[in-house]
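Asker: Sharing entry-v8.cif, mmCIF, C-alpha atoms:
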data_target
loop_
_atom_site.label_atom_id
_atom_site.label_comp_id
_atom_site.auth_asym_id
_atom_site.auth_seq_id
_atom_site.Cartn_x
_atom_site.Cartn_y
_atom_site.Cartn_z
CA MET A 1 -27.02 60.40 11.80
CA LYS A 2 -28.54 57.31 10.15
CA ALA A 3 -28.60 56.85 6.41
CA GLY A 4 -31.56 58.71 4.92
CA GLU A 5 -32.16 60.69 8.12
CA THR A 6 -32.57 64.46 7.78
CA PHE A 7 -30.58 66.61 10.19
CA ILE A 8 -32.46 69.74 11.29
CA ASP A 9 -30.54 72.78 12.50
CA HIS A 10 -32.65 74.96 14.85
CA ALA A 11 -31.80 78.58 15.67
CA SER A 12 -33.47 81.53 17.36
CA VAL A 13 -33.23 84.60 15.13
CA SER A 14 -33.84 88.35 15.36
CA VAL A 15 -35.21 89.91 12.19
CA PRO A 16 -35.07 93.66 11.45
CA ALA A 17 -38.36 94.94 10.01
CA GLY A 18 -38.41 98.68 9.58
CA GLU A 19 -38.15 100.31 13.00
CA VAL A 20 -38.69 97.09 14.97
CA VAL A 21 -36.90 93.80 15.53
CA LEU A 22 -38.99 90.63 15.41
CA HIS A 23 -38.13 87.28 16.95
CA GLY A 24 -38.36 83.94 15.23
CA ASP A 25 -37.33 80.30 15.11
CA LEU A 26 -35.50 79.06 12.01
CA SER A 27 -35.23 75.33 11.28
CA MET A 28 -33.15 74.20 8.31
CA PRO A 29 -32.74 70.61 7.10
CA SER A 30 -29.32 69.50 5.89
CA LYS A 31 -30.57 69.37 2.29
CA PRO A 32 -33.65 71.61 2.09
CA LYS A 33 -36.13 71.26 -0.77
CA GLY A 34 -37.29 74.81 -0.04
CA VAL A 35 -38.04 77.13 2.88
CA VAL A 36 -41.47 78.06 4.26
CA LEU A 37 -42.13 81.32 6.12
CA PHE A 38 -45.13 81.24 8.45
CA ALA A 39 -47.48 84.22 8.70
CA HIS A 40 -49.49 84.07 11.90
CA GLY A 41 -52.68 86.01 12.45
CA SER A 42 -55.59 86.78 14.77
CA GLY A 43 -53.66 87.13 17.99
CA SER A 44 -51.29 84.22 17.36
CA SER A 45 -47.49 84.10 17.43
CA ARG A 46 -44.56 81.87 16.55
CA HIS A 47 -45.51 79.77 19.59
CA SER A 48 -48.81 78.69 17.99
CA PRO A 49 -49.03 74.93 18.66
CA ARG A 50 -50.90 74.39 15.39
CA ASN A 51 -48.32 76.14 13.24
CA ARG A 52 -45.44 74.50 15.12
CA TYR A 53 -47.03 71.12 14.43
CA VAL A 54 -47.25 71.90 10.72
CA ALA A 55 -43.69 73.28 10.71
CA GLU A 56 -42.32 70.09 12.25
CA ALA A 57 -44.14 68.05 9.61
CA LEU A 58 -42.62 70.21 6.87
CA ASN A 59 -39.17 69.73 8.42
CA GLU A 60 -39.70 65.97 8.19
CA HIS A 61 -40.26 66.47 4.45
CA SER A 62 -36.91 68.31 4.19
CA LEU A 63 -38.46 71.76 4.05
CA GLY A 64 -36.92 74.58 6.08
CA THR A 65 -39.25 76.71 8.21
CA LEU A 66 -39.22 80.15 9.78
CA LEU A 67 -41.83 80.90 12.42
CA VAL A 68 -41.63 84.56 13.35
CA ASP A 69 -43.75 86.99 15.33
CA LEU A 70 -45.26 89.69 13.14
CA LEU A 71 -45.81 91.92 16.18
CA THR A 72 -43.42 92.98 18.94
CA ALA A 73 -44.12 91.94 22.53
CA GLU A 74 -45.47 95.41 23.30
CA GLU A 75 -47.72 95.36 20.23
CA GLU A 76 -49.02 91.92 21.15
CA GLN A 77 -49.96 93.16 24.63
CA ALA A 78 -51.84 96.11 23.15
CA ASP A 79 -53.52 93.89 20.59
CA GLU A 80 -54.83 91.55 23.28
CA VAL A 81 -56.92 94.50 24.47
CA THR A 82 -57.85 96.20 21.20
CA ALA A 83 -57.63 93.31 18.64
CA ARG A 84 -56.76 96.06 16.16
CA LEU A 85 -53.30 95.18 14.90
CA ARG A 86 -54.21 91.62 13.96
CA PHE A 87 -56.52 93.11 11.32
CA ASP A 88 -54.00 95.73 10.15
CA ILE A 89 -53.24 93.86 6.95
CA ASP A 90 -51.02 96.66 5.61
CA LEU A 91 -48.80 96.49 8.69
CA LEU A 92 -48.66 92.69 8.68
CA THR A 93 -47.75 92.74 4.99
CA GLN A 94 -44.99 95.31 5.49
CA ARG A 95 -43.51 93.13 8.22
CA LEU A 96 -43.82 89.97 6.15
CA VAL A 97 -42.16 91.58 3.12
CA ALA A 98 -39.25 92.69 5.32
CA ILE A 99 -38.93 89.20 6.79
CA THR A 100 -39.02 87.68 3.30
CA ASP A 101 -36.16 89.94 2.18
CA TRP A 102 -34.15 89.04 5.28
CA LEU A 103 -34.78 85.32 4.83
CA ALA A 104 -33.82 85.39 1.15
CA SER A 105 -30.51 87.06 2.06
CA LEU A 106 -29.36 84.25 4.37
CA PRO A 107 -26.48 82.18 2.95
CA GLN A 108 -28.19 78.90 3.86
CA VAL A 109 -31.38 79.96 2.05
CA ARG A 110 -29.86 81.33 -1.15
CA GLY A 111 -30.55 79.03 -4.06
CA HIS A 112 -33.68 77.61 -2.44
CA GLU A 113 -37.24 78.62 -3.23
CA ILE A 114 -39.42 80.30 -0.58
CA GLY A 115 -43.06 79.61 0.22
CA LEU A 116 -45.54 81.25 2.60
CA PHE A 117 -47.90 79.50 5.03
CA GLY A 118 -50.58 81.89 6.26
CA ALA A 119 -53.20 81.31 8.94
CA SER A 120 -56.28 83.46 9.61
CA THR A 121 -55.49 87.12 8.84
CA GLY A 122 -51.89 86.09 8.12
CA ALA A 123 -53.17 84.47 4.92
CA ALA A 124 -54.12 87.87 3.51
CA ALA A 125 -50.68 89.23 4.37
CA ALA A 126 -49.13 86.18 2.71
CA LEU A 127 -51.02 86.81 -0.54
CA LEU A 128 -50.11 90.50 -0.56
CA THR A 129 -46.47 89.63 0.12
CA ALA A 130 -46.54 87.22 -2.82
CA VAL A 131 -47.71 90.16 -4.95
CA GLU A 132 -44.96 92.43 -3.58
CA ARG A 133 -42.23 89.80 -4.02
CA PRO A 134 -43.26 87.67 -7.03
CA GLU A 135 -39.68 86.63 -7.77
CA ALA A 136 -39.10 85.43 -4.22
CA ILE A 137 -42.36 83.71 -3.31
CA LYS A 138 -43.04 80.55 -5.30
CA ALA A 139 -45.97 78.99 -3.39
CA VAL A 140 -48.60 79.92 -0.81
CA VAL A 141 -50.69 77.78 1.55
CA SER A 142 -53.54 79.20 3.65
CA ARG A 143 -54.93 77.37 6.71
CA GLY A 144 -58.33 78.58 7.84
CA GLY A 145 -57.29 81.85 6.27
CA ARG A 146 -58.94 85.12 5.37
CA PRO A 147 -57.70 85.62 1.80
CA ASP A 148 -60.72 87.84 1.24
CA LEU A 149 -58.95 90.51 3.30
CA ALA A 150 -56.42 90.85 0.48
CA GLY A 151 -59.22 92.38 -1.58
CA SER A 152 -58.94 92.71 -5.35
CA THR A 153 -55.13 92.59 -5.09
CA ALA A 154 -55.48 88.81 -4.74
CA SER A 155 -55.99 88.77 -8.52
CA LEU A 156 -52.32 89.76 -8.92
CA VAL A 157 -50.91 86.74 -7.08
CA ARG A 158 -48.82 84.55 -9.38
CA ALA A 159 -47.58 81.93 -6.90
CA PRO A 160 -49.55 78.65 -6.87
CA THR A 161 -51.92 78.92 -3.90
CA LEU A 162 -53.59 76.20 -1.82
CA LEU A 163 -56.53 77.20 0.39
CA ILE A 164 -57.29 74.74 3.22
CA VAL A 165 -60.52 75.19 5.19
CA GLY A 166 -62.37 73.03 7.70
CA GLY A 167 -65.62 71.52 6.45
CA GLY A 168 -67.46 72.93 9.46
CA ASP A 169 -66.08 76.44 8.99
CA THR A 170 -68.86 77.49 6.63
CA ALA A 171 -68.36 81.26 6.79
CA VAL A 172 -64.64 80.94 6.00
CA ILE A 173 -65.35 78.48 3.18
CA ARG A 174 -67.51 81.16 1.59
CA MET A 175 -64.80 83.81 2.07
CA ASN A 176 -62.20 81.52 0.49
CA ARG A 177 -64.42 80.79 -2.48
CA ASP A 178 -64.99 84.50 -2.99
CA ALA A 179 -61.24 85.13 -2.95
CA MET A 180 -60.61 82.17 -5.22
CA ALA A 181 -62.99 83.62 -7.79
CA LEU A 182 -60.69 86.66 -8.08
CA MET A 183 -57.43 84.76 -8.35
CA ARG A 184 -55.85 83.99 -11.72
CA CYS A 185 -52.92 81.86 -10.57
CA LYS A 186 -53.08 78.10 -9.99
CA THR A 187 -55.43 77.91 -7.00
CA GLU A 188 -56.98 74.93 -5.24
CA LEU A 189 -59.43 74.72 -2.34
CA GLU A 190 -59.15 71.72 -0.01
CA ILE A 191 -61.92 71.23 2.53
CA VAL A 192 -61.05 68.98 5.47
CA PRO A 193 -64.27 67.08 6.33
CA GLY A 194 -65.59 67.61 9.85
CA ALA A 195 -62.91 70.13 10.82
CA THR A 196 -63.74 73.48 12.40
CA HIS A 197 -61.77 76.73 12.24
CA LEU A 198 -58.86 75.67 14.47
CA PHE A 199 -58.63 72.11 13.12
CA GLU A 200 -58.76 70.73 16.66
CA GLU A 201 -60.58 67.55 15.67
CA ARG A 202 -58.61 64.29 15.69
CA GLY A 203 -56.52 63.93 12.54
CA ALA A 204 -57.59 67.30 11.09
CA LEU A 205 -54.28 69.08 11.58
CA ALA A 206 -52.39 66.06 10.28
CA GLN A 207 -54.37 66.41 7.04
CA VAL A 208 -53.43 70.09 6.87
CA ALA A 209 -49.75 69.23 7.35
CA SER A 210 -49.88 66.53 4.69
CA LEU A 211 -51.59 68.80 2.15
CA ALA A 212 -49.14 71.64 2.85
CA ALA A 213 -46.09 69.38 2.61
CA GLU A 214 -47.25 68.01 -0.75
CA TRP A 215 -47.98 71.49 -2.11
CA PHE A 216 -44.68 73.00 -1.03
CA THR A 217 -42.63 69.99 -2.12
CA THR A 218 -44.28 70.14 -5.55
CA HIS A 219 -43.92 73.88 -6.10
CA LEU A 220 -40.67 74.65 -4.27
CA ALA A 221 -38.61 71.59 -5.09
CA GLY A 222 -40.06 70.77 -8.49
#
Translate the structure of the given file into structure tokens.
Answerer:
Amino acid sequence: MKAGETFIDHASVSVPAGEVVLHGDLSMPSKPKGVVLFAHGSGSSRHSPRNRYVAEALNEHSLGTLLVDLLTAEEEQADEVTARLRFDIDLLTQRLVAITDWLASLPQVRGHEIGLFGASTGAAAALLTAVERPEAIKAVVSRGGRPDLAGSTASLVRAPTLLIVGGGDTAVIRMNRDAMALMRCKTELEIVPGATHLFEERGALAQVASLAAEWFTTHLAG
């Protein structure tokens, strides 16, 4: 390993969450500045290329990451047909709280602050988890998220929260502004010009990764 280079340890993990076991990918730098748990949503999983891209960027900034499925394989199959579970915010939050507790118990994570990165409906679950575990969660970032689905409970979030929305995603911008109006914690809204909901435009996702890395580095390592 070259001087100044960050070594990343990658591991597949199985996480108990109530009556189910969820599968994830944990990446830990040699000297982490914090650890970020990803909350997928709207039919996505830990294999989401967008979230994996952001996770790799966070790793390069010496932040650990855990990408984990919030649904079992059987639940995902059912959800592909019904699209019901992806909007079951209570279930997603219960799972995310359990994963947060598991993550915080790991020897390599103890002593390091934890943040949440939520996408789509996962953003609502991230905010509700921050309310449930205020001592554990120290920062939240939402990418194209639906924080409005957290309802009035969003007002109880204490962790500094960054909301990132594409400039072309007008409906979601409105939803984020509505949620932001309820929130009392440090909250910022960053609009990526020209980007749509999935940030597929050239350079859009890189901007998301840069904004998230700066937010988490500031609030988890500072």
Asker: Choose the residue, out of A:Ala98, A:Leu163, A:Ile8, A:Leu205, that has the smallest atom-to-atom separation from Met175 in chain A; count all atoms listed in the file.
Answerer: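 Once distances to Met175 in chain A are computed over all atoms listed in the file, the minimum belongs to A:Leu163.
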Asker: Ranking A:Leu149, A:Ala154, A:Val15, A:Leu96 by minimum distance to Ala39 in chain A and counting all atoms listed in the file, which one comes first?
Answerer: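 Among the listed residues, the smallest separation from Ala39 in chain A belongs to A:Leu96.
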Asker: Just give me the gap between CA of Val157 in chain A and CA of Leu128 in chain A in Å, one decimal is fine.
Answerer: 7.6 Å
Asker: Using all atoms listed in the file, which residue out of A:Val109, A:Leu92, A:Ala150, A:Ala195 lies closest to Ser27 in chain A?
Answerer: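 Selected residue with least distance to Ser27 in chain A: A:Val109.
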Asker: On this file, the PyMOL selection byres ((chain A and resi 34) around 7) gives some set of residues; write that set as an NGL selection string.
Answerer: :A and (32-33 or 35-36 or 63-64 or 112-114 or 220-221)
Asker: Which residue out of A:Val13, A:Val97, A:Leu103, A:Arg158 has the minimum interatomic distance to Thr129 in chain A when all atoms listed in the file are used?
Answerer: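 Nearest to Thr129 in chain A: A:Val97.
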Asker: Pick out the closest residue to Arg177 in chain A from this set: A:Val131, A:His219, A:Leu58, A:Ile164. Count only C-alpha atoms.
Answerer: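 Of A:Val131, A:His219, A:Leu58, A:Ile164, the one nearest Arg177 in chain A is A:Ile164, counting only C-alpha atoms.
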Asker: One number please: CA of Met28 in chain A to CA of Glu75 in chain A, in Å, one decimal.
Answerer: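 Between CA of Met28 in chain A and CA of Glu75 in chain A the gap works out to 28.3 Å.
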Asker: List, as a PyMOL selection string, every residue that the PyMOL selection byres ((chain A and resi 10) around 6) selects in the file provided.
Answerer: chain A and resi 9+11+26-27
Asker: Work out how far CA of Asn59 in chain A is from CA of Ala123 in chain A, in Å to one decimal.
Answerer: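 Interatomic distance here is 20.6 Å.
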Asker: Give as a VMD selection string the residues that the PyMOL selection byres ((chain A and resi 124) around 12) matches when applied to the coordinates above.
Answerer: chain A and resid 39 to 42 86 to 94 96 116 to 123 125 to 131 140 to 154 157 161 163 175 to 176 179
